[in-house]
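Okay, data-v1.txt is below, compact mmCIF, C-alpha atoms:
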# COMPACT_ATOMS: atom_id res chain seq x y z
CA MET B 1 -19.81 18.67 2.49
CA ASP B 2 -22.69 16.18 2.39
CA THR B 3 -21.97 13.69 5.17
CA SER B 4 -25.24 11.79 4.61
CA LYS B 5 -23.44 9.45 2.19
CA LYS B 6 -21.55 7.77 5.01
CA GLY B 7 -22.14 4.02 4.83
CA ARG B 8 -22.68 4.06 1.07
CA LYS B 9 -21.60 0.70 -0.40
CA TYR B 10 -20.15 -0.23 -3.78
CA PRO B 11 -20.52 -3.46 -5.78
CA PRO B 12 -18.05 -6.29 -5.14
CA PHE B 13 -14.94 -6.35 -7.31
CA THR B 14 -13.39 -9.70 -8.19
CA TYR B 15 -9.73 -10.21 -9.04
CA GLU B 16 -8.07 -13.47 -10.08
CA VAL B 17 -4.47 -13.64 -8.90
CA GLY B 18 -1.97 -14.75 -11.54
CA LEU B 19 1.51 -16.06 -10.81
CA GLU B 20 3.20 -13.79 -13.36
CA LYS B 21 1.33 -10.77 -11.98
CA ILE B 22 2.75 -11.51 -8.53
CA ARG B 23 6.25 -11.75 -10.04
CA GLU B 24 5.74 -8.53 -12.02
CA TYR B 25 4.63 -6.70 -8.88
CA ALA B 26 7.46 -8.16 -6.77
CA ASN B 27 10.00 -7.12 -9.40
CA ALA B 28 8.56 -3.59 -9.63
CA VAL B 29 8.84 -2.99 -5.88
CA GLY B 30 12.20 -4.76 -5.59
CA GLU B 31 10.95 -7.70 -3.53
CA ALA B 32 13.42 -10.54 -3.97
CA GLU B 33 12.24 -13.05 -1.32
CA ARG B 34 11.99 -16.38 -3.15
CA VAL B 35 8.49 -17.16 -1.85
CA HIS B 36 7.22 -14.29 -4.07
CA HIS B 37 8.83 -15.74 -7.21
CA ASP B 38 9.43 -19.45 -6.93
CA ARG B 39 6.75 -22.13 -6.52
CA GLU B 40 9.02 -24.63 -4.76
CA ALA B 41 10.28 -22.01 -2.30
CA ALA B 42 6.69 -20.98 -1.56
CA THR B 43 5.26 -24.46 -1.07
CA GLY B 44 8.35 -25.40 0.94
CA ALA B 45 7.56 -22.51 3.29
CA GLY B 46 3.98 -23.76 3.71
CA PHE B 47 2.16 -21.60 1.16
CA ARG B 48 -0.35 -23.10 -1.27
CA ASP B 49 1.49 -21.48 -4.22
CA VAL B 50 3.69 -18.45 -4.93
CA VAL B 51 2.56 -15.91 -2.34
CA ALA B 52 1.86 -12.24 -3.05
CA PRO B 53 3.88 -9.61 -1.18
CA PRO B 54 1.61 -7.97 1.44
CA MET B 55 1.33 -4.71 -0.52
CA PHE B 56 0.01 -6.61 -3.56
CA ALA B 57 -3.25 -5.86 -1.74
CA VAL B 58 -3.45 -2.65 -3.76
CA VAL B 59 -3.56 -4.65 -6.98
CA TYR B 60 -6.63 -6.70 -6.09
CA SER B 61 -8.51 -4.20 -3.92
CA ALA B 62 -8.09 -0.80 -5.60
CA GLY B 63 -10.71 -1.74 -8.18
CA ALA B 64 -13.32 -1.93 -5.43
CA VAL B 65 -12.54 1.57 -4.15
CA ALA B 66 -12.27 3.31 -7.54
CA PRO B 67 -16.08 3.54 -8.04
CA GLY B 68 -16.28 5.40 -4.72
CA ILE B 69 -13.57 7.86 -5.68
CA LEU B 70 -15.40 8.48 -8.98
CA ASP B 71 -18.91 8.42 -7.42
CA PRO B 72 -20.81 11.54 -8.57
CA GLU B 73 -22.93 11.28 -5.39
CA LEU B 74 -19.77 11.99 -3.37
CA GLY B 75 -18.45 14.50 -5.88
CA ILE B 76 -14.77 14.27 -4.96
CA ASN B 77 -12.79 16.99 -6.73
CA LEU B 78 -10.12 14.76 -8.25
CA ALA B 79 -7.89 17.64 -9.33
CA ARG B 80 -7.49 18.64 -5.69
CA MET B 81 -7.40 15.17 -4.17
CA LEU B 82 -4.41 13.73 -2.31
CA HIS B 83 -3.96 10.21 -0.99
CA GLY B 84 -3.55 11.20 2.65
CA SER B 85 -3.13 7.93 4.48
CA GLN B 86 -3.52 4.21 4.11
CA GLU B 87 -3.84 1.21 6.35
CA PHE B 88 -3.81 -2.51 5.61
CA GLU B 89 -4.58 -5.27 8.07
CA TRP B 90 -3.62 -8.68 6.69
CA GLY B 91 -5.22 -12.05 7.30
CA GLU B 92 -4.87 -15.21 5.22
CA PRO B 93 -2.01 -14.90 2.68
CA VAL B 94 -2.92 -14.41 -1.00
CA CYS B 95 -1.42 -16.94 -3.41
CA ALA B 96 -1.34 -17.45 -7.18
CA GLY B 97 -4.65 -18.96 -8.29
CA ASP B 98 -6.73 -17.24 -5.62
CA ARG B 99 -9.97 -15.48 -6.49
CA ILE B 100 -10.32 -12.37 -4.34
CA GLU B 101 -13.58 -10.51 -3.89
CA THR B 102 -13.44 -7.02 -2.40
CA THR B 103 -16.28 -4.84 -1.20
CA ALA B 104 -15.89 -1.17 -0.32
CA GLU B 105 -17.94 1.39 1.53
CA VAL B 106 -17.75 4.99 2.66
CA LYS B 107 -16.46 4.68 6.21
CA ASP B 108 -16.30 8.35 7.14
CA LEU B 109 -16.76 11.84 5.70
CA TYR B 110 -15.60 14.90 7.59
CA GLU B 111 -14.04 18.32 7.31
CA LYS B 112 -10.98 19.43 9.23
CA ASP B 113 -8.85 22.57 8.87
CA GLY B 114 -10.75 23.54 5.72
CA ARG B 115 -10.03 20.22 4.05
CA GLN B 116 -12.47 17.42 3.24
CA PHE B 117 -11.67 13.86 4.25
CA TYR B 118 -13.16 10.93 2.33
CA VAL B 119 -12.47 7.65 4.10
CA PHE B 120 -13.20 4.30 2.41
CA GLU B 121 -12.94 0.85 3.92
CA SER B 122 -12.50 -2.25 1.80
CA VAL B 123 -12.64 -5.87 2.86
CA SER B 124 -11.18 -8.61 0.67
CA ARG B 125 -11.93 -12.31 0.97
CA ASN B 126 -10.60 -15.31 -0.90
CA GLN B 127 -12.55 -18.11 -2.63
CA ASP B 128 -12.92 -19.91 0.72
CA GLY B 129 -14.44 -16.86 2.40
CA GLN B 130 -11.33 -16.13 4.46
CA GLU B 131 -10.54 -12.47 5.02
CA VAL B 132 -7.23 -11.62 3.34
CA VAL B 133 -7.08 -7.88 3.87
CA ARG B 134 -9.03 -5.03 5.41
CA ALA B 135 -7.97 -1.62 4.16
CA THR B 136 -8.66 1.99 5.06
CA TRP B 137 -8.09 4.54 2.29
CA THR B 138 -8.12 8.21 3.29
CA ASN B 139 -8.33 10.77 0.51
CA ILE B 140 -8.06 14.46 1.27
CA VAL B 141 -9.42 17.28 -0.87
CA ARG B 142 -7.63 20.58 -0.32
CA MET L 1 13.37 -7.31 19.24
CA ASN L 2 13.05 -5.09 22.26
CA GLU L 3 11.54 -1.69 22.89
CA GLY L 4 13.83 1.05 21.58
CA ASP L 5 15.74 -1.19 19.14
CA THR L 6 16.25 0.20 15.66
CA ILE L 7 15.47 -2.04 12.71
CA GLN L 8 17.80 -2.64 9.79
CA GLU L 9 17.53 0.27 7.33
CA LEU L 10 16.26 -0.37 3.84
CA ARG L 11 17.82 1.71 1.07
CA VAL L 12 16.57 1.74 -2.51
CA THR L 13 16.97 4.15 -5.40
CA PRO L 14 14.06 4.00 -7.86
CA ASP L 15 15.43 4.55 -11.35
CA LYS L 16 14.01 6.95 -13.93
CA TYR L 17 11.63 4.34 -15.39
CA LEU L 18 10.50 2.80 -12.09
CA PRO L 19 7.19 4.72 -12.04
CA HIS L 20 6.34 3.16 -15.41
CA ARG L 21 7.03 -0.35 -14.16
CA TYR L 22 5.11 0.30 -10.94
CA ALA L 23 2.21 1.74 -12.98
CA GLY L 24 2.06 -1.45 -15.02
CA ALA L 25 2.35 -3.69 -11.99
CA SER L 26 -0.23 -1.81 -9.92
CA GLY L 27 -2.58 -0.54 -12.61
CA ASP L 28 -2.24 3.11 -11.51
CA PHE L 29 -1.42 5.07 -14.66
CA ASN L 30 -2.09 8.54 -13.24
CA PRO L 31 0.02 10.77 -15.55
CA ILE L 32 1.51 12.72 -12.62
CA HIS L 33 3.61 9.60 -11.99
CA ILE L 34 4.73 8.74 -15.51
CA ASP L 35 4.63 11.93 -17.59
CA LYS L 36 7.08 14.66 -16.61
CA GLU L 37 5.51 17.20 -18.98
CA PHE L 38 2.04 16.59 -17.57
CA ALA L 39 3.36 16.76 -14.01
CA THR L 40 5.12 20.09 -14.53
CA ALA L 41 2.06 21.46 -16.36
CA VAL L 42 -0.02 20.86 -13.21
CA GLY L 43 2.55 22.56 -11.00
CA LEU L 44 4.67 19.67 -9.75
CA PRO L 45 8.47 19.89 -9.87
CA SER L 46 8.64 16.65 -11.86
CA ASN L 47 6.78 13.37 -12.16
CA ILE L 48 6.42 11.93 -8.65
CA LEU L 49 6.61 8.45 -7.21
CA HIS L 50 3.39 6.58 -6.44
CA GLY L 51 2.70 6.92 -2.71
CA LEU L 52 1.86 3.22 -2.54
CA TYR L 53 5.28 2.40 -4.02
CA GLY L 54 6.81 4.21 -1.04
CA MET L 55 4.49 2.30 1.27
CA ALA L 56 5.63 -0.93 -0.39
CA GLN L 57 9.23 -0.05 0.54
CA VAL L 58 8.16 0.45 4.17
CA ALA L 59 6.37 -2.92 4.03
CA ARG L 60 9.52 -4.56 2.63
CA ALA L 61 11.61 -3.13 5.47
CA MET L 62 9.10 -4.52 7.97
CA GLN L 63 9.03 -7.94 6.29
CA GLN L 64 12.85 -7.93 6.33
CA ALA L 65 12.78 -7.07 10.06
CA ALA L 66 10.49 -10.08 10.56
CA GLY L 67 13.01 -12.42 8.87
CA GLY L 68 11.47 -12.27 5.38
CA ASP L 69 8.20 -14.09 6.15
CA PRO L 70 5.26 -12.08 4.73
CA ARG L 71 2.85 -13.77 7.20
CA LYS L 72 4.48 -11.92 10.09
CA LEU L 73 3.39 -8.48 8.88
CA LYS L 74 -0.11 -8.11 10.32
CA ARG L 75 -0.84 -4.41 9.89
CA LEU L 76 0.72 -1.29 8.41
CA SER L 77 -0.63 2.25 8.52
CA VAL L 78 1.08 5.23 6.90
CA GLN L 79 0.61 8.91 6.18
CA PHE L 80 1.73 10.23 2.80
CA ARG L 81 3.29 13.67 3.15
CA GLY L 82 6.23 14.85 1.05
CA MET L 83 6.29 13.95 -2.62
CA GLY L 84 8.79 11.28 -3.63
CA PHE L 85 10.93 11.50 -6.77
CA PRO L 86 12.63 8.98 -9.06
CA GLU L 87 16.44 8.82 -9.05
CA GLN L 88 16.73 9.77 -5.37
CA GLU L 89 17.56 7.24 -2.69
CA ILE L 90 14.76 6.23 -0.31
CA VAL L 91 15.79 5.28 3.22
CA VAL L 92 13.32 3.43 5.44
CA THR L 93 14.06 3.55 9.17
CA GLY L 94 12.19 2.23 12.18
CA THR L 95 12.24 1.84 15.94
CA VAL L 96 10.52 -0.75 18.10
CA LYS L 97 7.80 1.00 20.09
CA SER L 98 6.66 -2.03 22.06
CA ALA L 99 7.18 -5.78 22.07
CA ASP L 100 4.58 -7.65 24.00
CA GLY L 101 3.33 -11.23 23.83
CA GLY L 102 4.52 -11.88 20.28
CA ARG L 103 3.09 -8.59 18.97
CA THR L 104 5.74 -6.03 18.07
CA LEU L 105 4.86 -2.46 17.13
CA ILE L 106 7.37 -0.53 15.02
CA GLU L 107 7.33 3.20 14.33
CA THR L 108 8.71 3.76 10.88
CA GLU L 109 9.15 6.33 8.13
CA ALA L 110 10.61 6.73 4.66
CA ALA L 111 12.67 9.70 3.51
CA GLN L 112 14.61 10.99 0.52
CA GLY L 113 17.31 13.11 2.16
CA GLU L 114 15.49 15.60 4.41
CA ASN L 115 12.21 15.02 2.59
CA ARG L 116 10.15 12.61 4.69
CA ILE L 117 7.78 11.07 2.16
CA ILE L 118 6.06 8.67 4.59
CA ARG L 119 5.54 9.69 8.19
CA ASN L 120 3.82 8.50 11.33
CA ALA L 121 3.81 4.97 10.01
CA GLU L 122 3.20 2.09 12.35
CA ALA L 123 3.63 -1.61 11.68
CA GLU L 124 2.48 -4.55 13.72
CA LEU L 125 4.55 -7.72 13.44
CA GLU L 126 3.79 -11.13 14.88
CA LEU L 127 7.12 -12.56 16.02
Since I need it in another form, could you write the structure as structure tokens?
Amino acid sequence: MDTSKKGRKYPPFTYEVGLEKIREYANAVGEAERVHHDREAATGAGFRDVVAPPMFAVVYSAGAVAPGILDPELGINLARMLHGSQEFEWGEPVCAGDRIETTAEVKDLYEKDGRQFYVFESVSRNQDGQEVVRATWTNIVR
Amino acid sequence: MNEGDTIQELRVTPDKYLPHRYAGASGDFNPIHIDKEFATAVGLPSNILHGLYGMAQVARAMQQAAGGDPRKLKRLSVQFRGMGFPEQEIVVTGTVKSADGGRTLIETEAAQGENRIIRNAEAELEL
């Protein structure tokens, strides 16, 4: 395994958050809290607009990590890849109308028990530069 | 919440077509999740749930434990282990590991019967 690619960075990925996309996601995961569906409920609770469920982070940040997973320089064997673990650390809430920019980099590369670990970190910020999520994506190749 | 308390369980049964709706909502159309024939052709017992759908159920249980306010969930880390399947009930359980100065750590997992699909998960809530 070539560990010299640690620190490799990928271009920023921008995602514009739509109200109906938040509702679609909330419905798919079974999230019924009104602040994720209803504008009045959300603004009444102090949000700028309908707020995304925390795990909506995958919707706006996965596009920043995908080029790393497909990066020929890393050469991940996709047929043998598993999503091993995942962490999200949330900051400012994400609301409908936000413009989220995510950057990703190779955080760590190592081998353990005959398996290869590819660890990416992504950081997402909103249009005001506030950090909304920091994520660690660990993919394992058997 | 105090150390050792258990949180309210979350139970949900993803229906047969849930992986299709989650694929559309998330943008992850990997055929192992939505195409039973493809999944069995690559050696899986059936099409399998998206791991991040399972993580979303853990996140929902944590948000529920925090009174429904998404701002109170500050961090969640999980390990994906067993494969999850549609049409089987998912049960999310959790125990308070520590509660200190407004920061509460919860150890949590998600299982379908004996099959623990998400393990060693830890959530940090601000309460």
Show me, as a tab-separated table, the residues of chain B having an atom within 9 Å of chain L, each with the closest atom pair and its distance in Å, using all atoms listed in the file.
residue	atom	partner	partner_atom	distance
B:Lys21	CA	L:Ala25	CA	7.2
B:Ile22	CA	L:Ala25	CA	8.6
B:Glu24	CA	L:Ala25	CA	5.9
B:Tyr25	CA	L:Ala25	CA	4.9
B:Ala26	CA	L:Ala25	CA	8.6
B:Asn27	CA	L:Ala25	CA	8.8
B:Ala28	CA	L:Tyr22	CA	5.4
B:Val29	CA	L:Ala56	CA	6.7
B:Gly30	CA	L:Gln57	CA	8.3
B:Glu31	CA	L:Arg60	CA	7.1
B:Glu33	CA	L:Gly68	CA	6.8
B:Val35	CA	L:Asp69	CA	8.6
B:Ala45	CA	L:Asp69	CA	8.9
B:Val51	CA	L:Pro70	CA	8.5
B:Ala52	CA	L:Pro70	CA	8.5
B:Pro53	CA	L:Pro70	CA	6.6
B:Pro54	CA	L:Pro70	CA	6.4
B:Met55	CA	L:Ala56	CA	5.7
B:Phe56	CA	L:Ser26	CA	8.0
B:Val58	CA	L:Ser26	CA	7.0
B:Val59	CA	L:Ser26	CA	5.3
B:Tyr60	CA	L:Ser26	CA	8.9
B:Ala62	CA	L:Gly27	CA	8.9
B:Leu82	CA	L:Phe80	CA	8.7
B:His83	CA	L:Phe80	CA	6.8
B:Gly84	CA	L:Phe80	CA	5.4
B:Ser85	CA	L:Gln79	CA	4.2
B:Gln86	CA	L:Val78	CA	5.5
B:Glu87	CA	L:Ser77	CA	4.0
B:Phe88	CA	L:Leu76	CA	5.5
B:Glu89	CA	L:Arg75	CA	4.2
B:Trp90	CA	L:Lys74	CA	5.1
B:Gly91	CA	L:Lys74	CA	7.1
B:Glu92	CA	L:Arg71	CA	8.1
B:Pro93	CA	L:Arg71	CA	6.7
B:Thr136	CA	L:Ser77	CA	8.7
When you look at region 120-128 of chain B with a cut-off of 6 Å (counting only C-alpha atoms), what residues show up, excluding the ones that are within fewer than 6 positions of it in the same chain? I need them as a list in words.
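Listing them by chain and then by number gives Arg99, Ile100, Glu101, Thr102, Thr103, Ala104, Glu105, Val106, Lys107, Arg134, Ala135, Thr136 and Trp137 of chain B.
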Generate the output file for the selected residues, C-alpha atoms, as an mmCIF file, in the frame of the given file.
data_model
loop_
_atom_site.group_PDB
_atom_site.id
_atom_site.type_symbol
_atom_site.label_atom_id
_atom_site.label_comp_id
_atom_site.auth_asym_id
_atom_site.auth_seq_id
_atom_site.Cartn_x
_atom_site.Cartn_y
_atom_site.Cartn_z
ATOM 1 C CA ARG B 99 -9.970 -15.480 -6.490
ATOM 2 C CA ILE B 100 -10.320 -12.370 -4.340
ATOM 3 C CA GLU B 101 -13.580 -10.510 -3.890
ATOM 4 C CA THR B 102 -13.440 -7.020 -2.400
ATOM 5 C CA THR B 103 -16.280 -4.840 -1.200
ATOM 6 C CA ALA B 104 -15.890 -1.170 -0.320
ATOM 7 C CA GLU B 105 -17.940 1.390 1.530
ATOM 8 C CA VAL B 106 -17.750 4.990 2.660
ATOM 9 C CA LYS B 107 -16.460 4.680 6.210
ATOM 10 C CA ARG B 134 -9.030 -5.030 5.410
ATOM 11 C CA ALA B 135 -7.970 -1.620 4.160
ATOM 12 C CA THR B 136 -8.660 1.990 5.060
ATOM 13 C CA TRP B 137 -8.090 4.540 2.290
#
What's the 12 Å shell around Ile48 (chain L), counting only C-alpha atoms, without same-chain residues fewer than 5 positions away, as a ChimeraX atom specification?
/L:14-20,22-23,30-40,42-43,53-54,82-88,117
Emit as AutoDock Vina command-line options the padded axis-aligned box for all listed atoms of region 50-65 of chain L, 3 Å per side, with centre and edge lengths in Å to one decimal.
--center_x 7.4 --center_y -0.5 --center_z 1.8 --size_x 17.0 --size_y 20.9 --size_z 22.5
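CA of Asn139 (chain B) lies 21.1 Å from CA of Asn115 (chain L).
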Hey, could you patch up region 48-78 of chain L with N, CA and C atoms and hand it over as a compact mmCIF listing (two decimals), in the coordinates of the input?
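What landed in part-v8.txt:
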# COMPACT_ATOMS: atom_id res chain seq x y z
N ILE L 48 6.19 12.34 -10.04
CA ILE L 48 6.42 11.93 -8.65
C ILE L 48 6.17 10.43 -8.49
N LEU L 49 6.81 9.87 -7.50
CA LEU L 49 6.61 8.45 -7.21
C LEU L 49 5.18 8.19 -6.74
N HIS L 50 4.67 7.00 -7.00
CA HIS L 50 3.39 6.58 -6.44
C HIS L 50 3.57 6.47 -4.91
N GLY L 51 2.63 7.03 -4.17
CA GLY L 51 2.70 6.92 -2.71
C GLY L 51 2.72 5.47 -2.25
N LEU L 52 1.94 4.63 -2.95
CA LEU L 52 1.86 3.22 -2.54
C LEU L 52 3.13 2.45 -2.88
N TYR L 53 3.94 2.98 -3.81
CA TYR L 53 5.28 2.40 -4.02
C TYR L 53 6.14 2.66 -2.78
N GLY L 54 6.07 3.89 -2.27
CA GLY L 54 6.81 4.21 -1.04
C GLY L 54 6.35 3.33 0.11
N MET L 55 5.02 3.15 0.21
CA MET L 55 4.49 2.30 1.27
C MET L 55 4.98 0.87 1.10
N ALA L 56 5.12 0.43 -0.14
CA ALA L 56 5.63 -0.93 -0.39
C ALA L 56 7.07 -1.07 0.11
N GLN L 57 7.85 0.01 0.02
CA GLN L 57 9.23 -0.05 0.54
C GLN L 57 9.22 -0.15 2.06
N VAL L 58 8.29 0.56 2.70
CA VAL L 58 8.16 0.45 4.17
C VAL L 58 7.76 -0.99 4.52
N ALA L 59 6.82 -1.54 3.77
CA ALA L 59 6.37 -2.92 4.03
C ALA L 59 7.53 -3.91 3.86
N ARG L 60 8.37 -3.67 2.85
CA ARG L 60 9.52 -4.56 2.63
C ARG L 60 10.48 -4.50 3.81
N ALA L 61 10.71 -3.27 4.31
CA ALA L 61 11.61 -3.13 5.47
C ALA L 61 11.05 -3.87 6.68
N MET L 62 9.73 -3.85 6.83
CA MET L 62 9.10 -4.52 7.97
C MET L 62 9.18 -6.03 7.80
N GLN L 63 8.95 -6.51 6.57
CA GLN L 63 9.03 -7.94 6.29
C GLN L 63 10.46 -8.43 6.53
N GLN L 64 11.44 -7.62 6.12
CA GLN L 64 12.85 -7.93 6.33
C GLN L 64 13.15 -8.02 7.84
N ALA L 65 12.57 -7.08 8.60
CA ALA L 65 12.78 -7.07 10.06
C ALA L 65 12.18 -8.32 10.70
N ALA L 66 11.16 -8.89 10.03
CA ALA L 66 10.49 -10.08 10.56
C ALA L 66 11.12 -11.36 10.00
N GLY L 67 12.30 -11.23 9.37
CA GLY L 67 13.01 -12.42 8.87
C GLY L 67 12.57 -12.85 7.49
N GLY L 68 11.81 -12.00 6.78
CA GLY L 68 11.47 -12.27 5.38
C GLY L 68 10.14 -12.98 5.18
N ASP L 69 9.47 -13.36 6.27
CA ASP L 69 8.20 -14.09 6.15
C ASP L 69 7.03 -13.10 6.05
N PRO L 70 6.34 -13.07 4.89
CA PRO L 70 5.26 -12.08 4.73
C PRO L 70 4.10 -12.28 5.72
N ARG L 71 3.95 -13.50 6.26
CA ARG L 71 2.85 -13.77 7.20
C ARG L 71 3.01 -13.01 8.51
N LYS L 72 4.23 -12.57 8.79
CA LYS L 72 4.48 -11.92 10.09
C LYS L 72 4.09 -10.45 10.12
N LEU L 73 3.85 -9.88 8.93
CA LEU L 73 3.39 -8.48 8.88
C LEU L 73 1.86 -8.49 8.97
N LYS L 74 1.33 -8.02 10.09
CA LYS L 74 -0.11 -8.11 10.32
C LYS L 74 -0.85 -6.82 9.97
N ARG L 75 -0.16 -5.69 10.12
CA ARG L 75 -0.84 -4.41 9.89
C ARG L 75 0.21 -3.36 9.57
N LEU L 76 -0.16 -2.43 8.69
CA LEU L 76 0.72 -1.29 8.41
C LEU L 76 -0.16 -0.09 8.10
N SER L 77 0.08 1.01 8.82
CA SER L 77 -0.63 2.25 8.52
C SER L 77 0.40 3.34 8.26
N VAL L 78 0.13 4.17 7.27
CA VAL L 78 1.08 5.23 6.90
C VAL L 78 0.33 6.53 6.59
